[in-house]
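Below is one structure, written out as structure tokens; the observations come after it.
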Amino acid sequence: MISIRIQKLTKRFGAVVALHDLDLVVGPGELFFLLGPSGCGKTTLLRCMAGFYIPEEGRIFFGDEDVTQLAPHKRNTGMMFQSYALWPHMTVAENVAFGLEERKLPRPEIRTKVGEALESVHMGAFAERKPNQLSGGQQQRVALARALVIRPRCLLLDEPLSNLDARLRLEMRMEIRRICKEFQLTTVYVTHDQKEALSVSDRMAILESGRILQVGTPQEVYRRPASRVVADFIGETNFIAGRLLSCAKGQARVATDVGEFDGVLGDPASQPAAGSAVTVSVRPECWTLSGERPAQNAIKGRIGKSTYLGENAQYDFVSAGTTLKILELNPRFVDRSDRDEFFAGVRPEDVVVLTG
């Protein structure tokens, strides 16, 4: 297992700066996701790691080795592309063997390694088939076996599940995690799918316009977004504009049009001054509806539009002219009249106060 270290990395395409002075560390054996909207720089960063792009500034280390200027084939990385890039005229086994043949390994060793790689992705029985005889999920497994068979120092995945249907994506998410952990591979995985990143990654980095906005575990990024951009990109949330009343030791009190909230700073390093404009972020599932006023962080309002989904219901909760989205598990209020007034409450640890 190796670490991957990115130091002050900048990549330009003409006048366009695709990556801005990036610093990033991926730990040995870590399954690390690069996440962000299209054009944010995540694929450019992955291709810099693979050696397909050479940065204008900065350095890339695999362990203690500086690979910044090293050719792709000398980095010993396994790369899996969005299109899978399987040779249509070759069998499954021949596709997987290609990288080993390029390394001029003995034939018996190639056969052994190809068999082991195919078995690891449950494709041993399909060795003699051609790619066009396989389903999308099976082709994806073959591409993964081809990346694994060379025993790479790290695995680089560029949106590998984007061509699969929803059911197969769910199945292959955990299959990729199983394989990466079984092979103890340091893995960098590019996606724009938040659910994919939250369910599979050890840690993730959120990028926008070639800059890293936040790095953390799925729980840290989801529960404690450091900025409005991160909170808006990862999952759903309610944004409520407010004014900071007080702030001490990461705790904050905010006045808004719907009421006052006690919460936590999304970025503990920020020290906003009292009176400054801030934004309160509350996830829809964090609210609790009640007929009685909760002791803390309570707002009064009515249920507008409601959508019943069996195990949960989604409400538009209207308070002081502001509409908030609330998700209720085991719904109890879905049949209540929109003329009835209720209270929505939220715990302080679920109220994130954002300054940027």
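Each chain in the structure tokens gets a letter, A, B, ..., in the order shown, and its residues are numbered from 1; ligands are numbered from 1 in order too.
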
Write out as a list in words which residues come within 7 Å of range 27-40 of chain A when counting only C-alpha atoms, dropping same-chain ones fewer than 5 positions away. Met1, Ile2, Ser3, Ile4, Gln184, Leu185, Thr186, Thr187, Val188, Tyr189, Val190, Thr191, His192, Ala197, Ser201, Asp202, Arg203, Met204, Ala205, Ile206, Leu207, Glu208, Ser209 and Gly210 of chain A

Please run DSSP on the backbone and report, as a PyMOL selection string, all residues within range 76-252 of chain A that come out as strand (DSSP E or B). chain A and resi 77-80+154-158+186-191+203-208+211-216+238-248+251-252

Limited to N, CA and C atoms, could you put the picked residues into a file as a short mmCIF file (atom, residue, chain, number, x, y, z; two decimals), in the first residue's frame?
```cif
data_model
loop_
_atom_site.label_atom_id
_atom_site.label_comp_id
_atom_site.auth_asym_id
_atom_site.auth_seq_id
_atom_site.Cartn_x
_atom_site.Cartn_y
_atom_site.Cartn_z
N THR A 77 0.08 2.17 -12.38
CA THR A 77 -1.26 2.43 -11.87
C THR A 77 -2.27 1.61 -12.68
N GLY A 78 -3.34 1.20 -12.04
CA GLY A 78 -4.45 0.58 -12.75
C GLY A 78 -5.49 1.65 -13.02
N MET A 79 -5.84 1.83 -14.30
CA MET A 79 -6.77 2.89 -14.68
C MET A 79 -8.02 2.26 -15.27
N MET A 80 -9.18 2.70 -14.79
CA MET A 80 -10.45 2.21 -15.33
C MET A 80 -11.25 3.40 -15.83
N CYS A 154 -1.60 1.68 -7.26
CA CYS A 154 -2.85 2.34 -6.90
C CYS A 154 -3.84 2.16 -8.04
N LEU A 155 -5.10 2.31 -7.73
CA LEU A 155 -6.17 2.14 -8.71
C LEU A 155 -6.87 3.48 -8.92
N LEU A 156 -7.04 3.86 -10.19
CA LEU A 156 -7.65 5.14 -10.54
C LEU A 156 -8.91 4.87 -11.36
N LEU A 157 -10.06 5.33 -10.87
CA LEU A 157 -11.35 5.03 -11.48
C LEU A 157 -12.04 6.33 -11.90
N ASP A 158 -12.38 6.42 -13.18
CA ASP A 158 -13.03 7.63 -13.71
C ASP A 158 -14.49 7.35 -14.02
N THR A 186 -4.72 1.38 -2.65
CA THR A 186 -5.00 2.81 -2.55
C THR A 186 -5.76 3.19 -3.82
N THR A 187 -6.96 3.73 -3.65
CA THR A 187 -7.85 3.95 -4.78
C THR A 187 -8.37 5.38 -4.80
N VAL A 188 -8.31 6.00 -5.97
CA VAL A 188 -8.89 7.32 -6.18
C VAL A 188 -10.00 7.17 -7.22
N TYR A 189 -11.18 7.64 -6.87
CA TYR A 189 -12.41 7.35 -7.62
C TYR A 189 -13.11 8.67 -7.92
N VAL A 190 -13.30 8.97 -9.21
CA VAL A 190 -13.96 10.19 -9.63
C VAL A 190 -15.44 9.93 -9.88
N THR A 191 -16.30 10.78 -9.36
CA THR A 191 -17.74 10.67 -9.62
C THR A 191 -18.40 12.02 -9.38
N ARG A 203 -12.94 8.49 2.52
CA ARG A 203 -12.92 9.95 2.60
C ARG A 203 -13.19 10.50 1.21
N MET A 204 -13.49 11.78 1.15
CA MET A 204 -13.78 12.42 -0.13
C MET A 204 -13.29 13.86 -0.12
N ALA A 205 -13.05 14.37 -1.32
CA ALA A 205 -12.75 15.79 -1.51
C ALA A 205 -13.80 16.38 -2.45
N ILE A 206 -14.34 17.53 -2.07
CA ILE A 206 -15.30 18.23 -2.90
C ILE A 206 -14.56 19.34 -3.66
N LEU A 207 -14.67 19.32 -4.99
CA LEU A 207 -13.99 20.31 -5.82
C LEU A 207 -14.98 21.23 -6.49
N GLU A 208 -14.54 22.46 -6.72
CA GLU A 208 -15.29 23.41 -7.53
C GLU A 208 -14.30 24.35 -8.19
N ARG A 211 -10.59 23.98 -7.42
CA ARG A 211 -10.13 24.13 -6.03
C ARG A 211 -10.81 23.11 -5.13
N ILE A 212 -10.12 22.67 -4.10
CA ILE A 212 -10.70 21.75 -3.13
C ILE A 212 -11.40 22.57 -2.05
N LEU A 213 -12.70 22.35 -1.91
CA LEU A 213 -13.48 23.10 -0.93
C LEU A 213 -13.47 22.44 0.44
N GLN A 214 -13.45 21.10 0.47
CA GLN A 214 -13.50 20.39 1.75
C GLN A 214 -13.06 18.95 1.56
N VAL A 215 -12.35 18.42 2.55
CA VAL A 215 -11.94 17.02 2.59
C VAL A 215 -12.42 16.43 3.90
N GLY A 216 -12.98 15.22 3.85
CA GLY A 216 -13.42 14.59 5.10
C GLY A 216 -14.08 13.26 4.83
N ASN A 238 -32.05 22.74 3.66
CA ASN A 238 -32.78 24.01 3.71
C ASN A 238 -31.80 25.11 4.06
N PHE A 239 -31.78 26.17 3.28
CA PHE A 239 -30.95 27.33 3.59
C PHE A 239 -31.86 28.44 4.13
N ILE A 240 -31.47 29.00 5.25
CA ILE A 240 -32.23 30.09 5.87
C ILE A 240 -31.25 31.23 6.14
N ALA A 241 -31.50 32.37 5.52
CA ALA A 241 -30.64 33.54 5.72
C ALA A 241 -30.82 34.08 7.13
N GLY A 242 -29.73 34.52 7.73
CA GLY A 242 -29.82 35.04 9.09
C GLY A 242 -28.70 36.00 9.44
N ARG A 243 -28.74 36.44 10.69
CA ARG A 243 -27.73 37.36 11.22
C ARG A 243 -27.17 36.77 12.51
N LEU A 244 -25.86 36.75 12.60
CA LEU A 244 -25.20 36.14 13.74
C LEU A 244 -25.40 36.99 15.00
N LEU A 245 -25.93 36.36 16.05
CA LEU A 245 -26.13 37.06 17.32
C LEU A 245 -24.92 36.88 18.23
N SER A 246 -24.39 35.65 18.26
CA SER A 246 -23.22 35.38 19.11
C SER A 246 -22.50 34.15 18.59
N CYS A 247 -21.22 34.06 18.94
CA CYS A 247 -20.41 32.92 18.49
C CYS A 247 -19.29 32.70 19.48
N ALA A 248 -19.15 31.45 19.98
CA ALA A 248 -18.08 31.12 20.92
C ALA A 248 -17.80 29.63 20.88
N GLN A 251 -19.80 27.27 18.65
CA GLN A 251 -21.26 27.33 18.80
C GLN A 251 -21.74 28.71 18.37
N ALA A 252 -22.92 28.75 17.75
CA ALA A 252 -23.42 30.03 17.24
C ALA A 252 -24.91 30.16 17.48
#
```

Taking only C-alpha atoms into account, name the residue in A:Glu182, A:Glu196, A:Glu119, A:Asp257 that is nearest to Ala166 in chain A.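 Nearest to Ala166 in chain A: A:Glu196.
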
Leaving out Gly266 in chain A and any residue of its chain fewer than 2 positions from it, which residues lie within 6 Å of it when counting only C-alpha atoms, given as a list in words?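 Once the adjacent positions are removed, what remains is Arg224, Pro225, Ala226, Val352, Val353 and Leu354 of chain A.
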
As a PyMOL selection string, list the residues of range 173-239 of chain A assigned to helix (DSSP H, G or I) by DSSP on the backbone atoms of this structure. chain A and resi 173-182+194-200+218-223+228-233

For Gln133 in chain A, list every protein, DNA or RNA residue within 10 Å, evaluated using only C-alpha atoms, and leave out those in the same chain fewer than 5 positions away; present the list as an mmCIF file with C-alpha atoms, in the first residue's frame.
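Once everything was written out, this is part-v3.cif:
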```
data_model
loop_
_atom_site.group_PDB
_atom_site.id
_atom_site.type_symbol
_atom_site.label_atom_id
_atom_site.label_comp_id
_atom_site.auth_asym_id
_atom_site.auth_seq_id
_atom_site.Cartn_x
_atom_site.Cartn_y
_atom_site.Cartn_z
ATOM 1 C CA PRO A 88 -13.939 -5.798 -29.144
ATOM 2 C CA THR A 91 -11.814 -12.360 -25.671
ATOM 3 C CA VAL A 92 -12.316 -11.440 -22.023
ATOM 4 C CA PHE A 126 -16.690 -15.820 -19.120
ATOM 5 C CA GLN A 138 -20.062 -7.806 -16.817
ATOM 6 C CA GLN A 139 -18.006 -5.508 -19.047
#
```

May I have the residues within 10 Å of Arg103 in chain A as number ranges by chain, using only C-alpha atoms and disregarding those fewer than 5 positions away in the same chain? A: 73, 98, 150

Selected residues, C-alpha atoms, written as a CSV table (one decimal), in the first residue's frame, please.
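As a result, result-v3.csv now contains:
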```csv
chain,number,residue,atom,x,y,z
A,73,HIS,CA,3.3,3.2,-18.2
A,98,PHE,CA,-3.0,-7.3,-22.5
A,150,ILE,CA,-1.0,-5.9,-13.2
```

Need to verify the contact set: His89 in chain A, 10 Å, only C-alpha atoms, exclusion of same-chain residues closer than 6 positions in sequence. Can you return it as a ChimeraX atom specification? /A:95,130-132

CA of Ser281 in chain A to CA of Glu341 in chain A: how many Å, to one decimal?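 Computing it gives 23.0 Å between the two atoms.
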
Spatial neighbours of Arg111 in chain A, 10 Å, only C-alpha atoms, chain gap at least 2 places, as JSON, numbers by chain: {"A": [93, 94, 96, 97, 100, 105, 106, 107, 108, 109, 113, 114, 115, 116, 117]}

What does the file look like for those residues with N, CA and C atoms, as a CSV table (one decimal), in the first residue's frame?
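Written output follows (result-v2.csv):
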```
chain,number,residue,atom,x,y,z
A,93,ALA,N,-10.4,-13.0,-21.6
A,93,ALA,CA,-9.1,-13.3,-21.1
A,93,ALA,C,-8.0,-12.5,-21.8
A,94,GLU,N,-8.2,-12.3,-23.1
A,94,GLU,CA,-7.1,-11.6,-23.9
A,94,GLU,C,-7.1,-10.1,-23.5
A,96,VAL,N,-7.9,-8.9,-20.5
A,96,VAL,CA,-7.3,-8.8,-19.2
A,96,VAL,C,-5.8,-9.1,-19.3
A,97,ALA,N,-5.4,-10.0,-20.2
A,97,ALA,CA,-3.9,-10.3,-20.3
A,97,ALA,C,-3.1,-9.2,-21.0
A,100,LEU,N,-0.3,-7.5,-19.1
A,100,LEU,CA,0.8,-8.4,-18.7
A,100,LEU,C,1.7,-8.8,-19.9
A,105,LEU,N,5.6,-10.8,-19.5
A,105,LEU,CA,5.7,-11.9,-18.6
A,105,LEU,C,5.6,-13.2,-19.3
A,106,PRO,N,6.1,-14.3,-18.6
A,106,PRO,CA,6.0,-15.6,-19.2
A,106,PRO,C,4.5,-16.1,-19.4
A,107,ARG,N,4.2,-16.8,-20.4
A,107,ARG,CA,2.9,-17.3,-20.7
A,107,ARG,C,2.2,-18.0,-19.5
A,108,PRO,N,2.8,-18.9,-18.9
A,108,PRO,CA,2.2,-19.6,-17.8
A,108,PRO,C,1.8,-18.6,-16.6
A,109,GLU,N,2.7,-17.7,-16.4
A,109,GLU,CA,2.4,-16.7,-15.3
A,109,GLU,C,1.2,-15.8,-15.7
A,113,LYS,N,-2.3,-15.4,-13.6
A,113,LYS,CA,-2.7,-14.1,-13.1
A,113,LYS,C,-4.0,-13.7,-13.7
A,114,VAL,N,-4.3,-14.0,-15.0
A,114,VAL,CA,-5.5,-13.6,-15.6
A,114,VAL,C,-6.7,-14.4,-14.9
A,115,GLY,N,-6.4,-15.7,-14.7
A,115,GLY,CA,-7.5,-16.5,-14.0
A,115,GLY,C,-7.8,-16.0,-12.6
A,116,GLU,N,-6.8,-15.6,-11.9
A,116,GLU,CA,-7.0,-15.1,-10.5
A,116,GLU,C,-7.8,-13.8,-10.6
A,117,ALA,N,-7.4,-12.9,-11.5
A,117,ALA,CA,-8.1,-11.6,-11.6
A,117,ALA,C,-9.5,-11.8,-12.0
```

Rank nothing, just name the residue among A:Arg75, A:Val334, A:Glu128, A:Val149 nearest to Ile110 in chain A, using only C-alpha atoms.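 Using only C-alpha atoms, the shortest distance to Ile110 in chain A belongs to A:Val149.
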
Please determine, counting only C-alpha atoms, which residue among A:Gly301, A:Thr355, A:Ala295, A:Leu170 has the shortest atom-to-atom distance to Ala273 in chain A.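 Looking at the shortest contact to Ala273 in chain A, the residue is A:Thr355.
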
Can you tell me how far CA of Gln296 in chain A sits from CA of Leu309 in chain A, in Å to one decimal?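 Pair CA of Gln296 in chain A / CA of Leu309 in chain A returns 28.7 Å.
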
Quick one: distance from CA of Thr112 in chain A to CA of Ala143 in chain A in Å, one decimal?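 CA of Thr112 in chain A sits 17.6 Å away from CA of Ala143 in chain A.
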